[in-house]
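Q: The structure that follows is given in the form of structure tokens.
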Amino acid sequence: MHGRPRKSPTPEDDRALSIKAAKLRSLQSQFLQFHHNKIYTKEALEVCAKLLEANPEYLTAWNYRKLAVEHILSQSENETETDSDSIKLVLGEELKVTERALAKNYKSYGAWYHRKWVLRKGYSSPDWELQLLGVFLKKDTRNFHAWNYRRFVASLKNRSDDEELQFTTDMINDNFSNYSAWHNRSILLSHLLEKRVQGYFPKEKVLTEEYDLVHQAIFTDPDDQSGWFYHLWLLDQTVKVETPLLVSTFPPHGSVLNVSVDGFLDDCALSPTTSFHLNTRTIPVILYFSEAVEGVNSSTIIVESVFDTNKDLVWTPLSTNNSGSAQAWVARLNFFEEKLHLLPAIPVKVSVGHFQGIVSLRGFHYSHPTHFEFTVNVQPPTSEHAGLQGFEMISWGDENFRICETHLKESSKIRIFGQFKNGDDNESTAYKWNAETITNEMALFRELLSVTNWYE
């Protein structure tokens with residue numbers, strides 16, 4: 001068990017180990033002879049079973065049993081028409097061998113995997129498995145092998161995630177210092193929240209109840225790590241946003257772009273990031289989302305300017321694949337030279353998500369109507385600039401605009417407020433619970449720190 005010191009062996013223990021080692025060497029020698037010669041007789045299987053009962057970690061012996069079972073079943077098929085009862089008899093013996101091995105070491109990887117292999121054959125009933133798991137979980141409630149096997153059995157029996165979640169509740173109420181139960185709970189709850197199963201929506205209500213549960217564990221024993229791990233998972237669920245978000249744009253909201261047709265600018269602050277050479281008569285508008293989305297087009301994005309009609313804009317995904325989805329999308333605004341001298345300051349407004357259609361690869365719709373605005377100051381060409389050397393400015397030709405592979409980090413899912421103008425004043429209510437919960441958790445654990453000696 002965890003945290004328990006090992007005892008030094010006594011002379012009697014050493015003698016017992018020597019006798020056991022001699023027995024194992026004899027069994028291993030016989031087994032390897034059978035294995036190398038591909039002998040799958042009843043005698044050979046009995047030797048293998050004794051070896052596994054003595055040493056359940058002998059993976060070669062488990063693999064041998066798989067080969068033996070396949071051989072026996074294939075031989076039966078060749079001789080006569082095999083009935084299901086004879087198959088069940090062969091596989092039933094394998095289940096007995098795993099039970100005896102697990103009685104010796106209930107954390108044996110090989111035994112648990114072999115038992116899974118037998119049940120996947122489809123001839124053995126999983127009804128007894130939950131009772132068997134109850135025996136092993138009584139020996140060690142944190143045995144992650146047993147918990148992993150339970151998930152496997154629950155799937156075979158078509159047990160609902162809701163039923164399994166209740167089982168974790170019972171185990172935690174019995175002993176909250178059960179990391180495996182907390183971990184299994186996080187897996188099950190993730191499925192229930194994602195599927196929006198009845199009783200597990202809205203997410204805020206469910207997570208509030210989970211915070212109340214884990215607080216009991218943490219405040220009962222702050223030094224136990226089990227509850228803390230689950231609390232970290234809850235915090236991650238709190239700050240994680242399911243729906244895609246617009247996290248950045250170019251040009252930024254409220255910005256002013258100074259552009260020149262001939263590469264010269266007068267009476268304005270020159271900057272490599274706000275001063276552009278309009279040699280292609282286009283300026284890119286870039287949208288960067290928190291995750292890859294599709295459906296970005298002239299129906300879901302409305303651009304208002306005196307030059308472009310929205311239907312003429314083509315939105316292109318900046319992605320190295322051809323899936324039609326990307327985190328970054330670009331469209332190019334056209335500026336016609338014959339009209340540039342008429343409007344030195346051109347306002348542009350871009351509205352995002354006011355019409356449905358933008359969808360993440362996980363199936364969530366963009367649901368945060370947003371708009372951003374910027375102004376383009378255009379200086380038309382003049383004869384005064386002939387022969388002068390212009391200030392170095394960015395040129396937005398295709399040769400300077402490359403598609404790159406991007407890798408989104410989880411942290412980018414956290415929205416930075418204030419970057420855009422929101423068309424829906426109620427949008428912030430979607431984040432109100434998140435902010436309040438994080439604030440409450442911080443206050444709660446400041447209180448916990450004040451009554452413990454962790455500062456020492």
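Ordered as shown in the structure tokens, chains take letters A, B, and onward, while each chain numbers its residues from 1 and ligands are numbered from 1 in the order shown.
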Neighbours of A:Thr282 within 8 Å (only C-alpha atoms; same-chain residues fewer than 6 positions away dropped), as a PyMOL selection string?
A: chain A and resi 332-335+396
Q: Export C-alpha atoms of the chosen residues as a PDB file, in the first residue's frame?
A:
ATOM      1  CA  ARG A 332      -8.682  40.989 -48.966  1.00  0.00           C
ATOM      2  CA  LEU A 333     -10.380  44.389 -49.158  1.00  0.00           C
ATOM      3  CA  ASN A 334     -10.030  46.006 -52.565  1.00  0.00           C
ATOM      4  CA  PHE A 335      -9.262  49.721 -52.901  1.00  0.00           C
ATOM      5  CA  TRP A 396       0.712  42.868 -48.672  1.00  0.00           C
TER       6      TRP A 396
END
Q: Between atom CA of A:Asp162 and atom CA of A:Leu207, what is the spacing in Å?
A: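 Rounded to one decimal, the two atoms are 15.1 Å apart.
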Q: Report, in Å to a single decimal, how far apart atom CA of A:Val296 and atom CA of A:Ala328 are.
A: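 Atom-to-atom, atom CA of A:Ala328 to atom CA of A:Val296, that is 10.0 Å.
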Q: Go ahead and compute the interatomic distance for atom CA of A:Pro126 and atom CA of A:Glu43, in Å to one decimal.
A: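 So the two atoms, atom CA of A:Pro126 and atom CA of A:Glu43, lie 28.6 Å apart.
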Q: Of the candidates A:Lys7, A:Ala68, A:Met171, A:Trp112, which shows the shortest atom-to-atom distance to A:Phe34, using only C-alpha atoms?
A: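 Using only C-alpha atoms, A:Phe34 sits closest to A:Ala68.
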Q: Using only C-alpha atoms, which of A:Ser367, A:Asn178, A:Thr439, A:Ser323 sits nearest A:Phe144?
A: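 For A:Phe144, the nearest of the given residues is A:Asn178.
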Q: Find the spatial neighbours of stretch 88-100 of chain A, counting only C-alpha atoms, within a cut-off of 7 Å - ignore same-chain residues fewer than 2 positions away - and output them as a list in words.
A: Ala49, Glu53, Ser84, Asp85, Ser86, Leu102, Ala103, Lys104, Ala111, Arg115, Val118, Tyr123 and Ser124 of chain A
Q: Counting only C-alpha atoms, which residue out of A:Ala146, A:Ile87, A:Val348, A:Val135 sits closest to A:Lys116?
A: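 Going through A:Ala146, A:Ile87, A:Val348, A:Val135 one by one, the smallest distance to A:Lys116 is for A:Ala146.
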Q: Could you give me, as JSON, numbers by chain, each residue of stretch 131-221 of chain A that DSSP assigns to alpha helix (DSSP H) when run on this structure's backbone?
A: {"A": [131, 132, 133, 134, 135, 136, 137, 138, 139, 144, 145, 146, 147, 148, 149, 150, 151, 152, 153, 154, 155, 156, 161, 162, 163, 164, 165, 166, 167, 168, 169, 170, 171, 172, 173, 174, 179, 180, 181, 182, 183, 184, 185, 186, 187, 188, 189, 190, 191, 192, 193, 194, 195, 203, 204, 205, 206, 207, 208, 209, 210, 211, 212, 213, 214, 215, 216, 217, 218, 219, 220]}
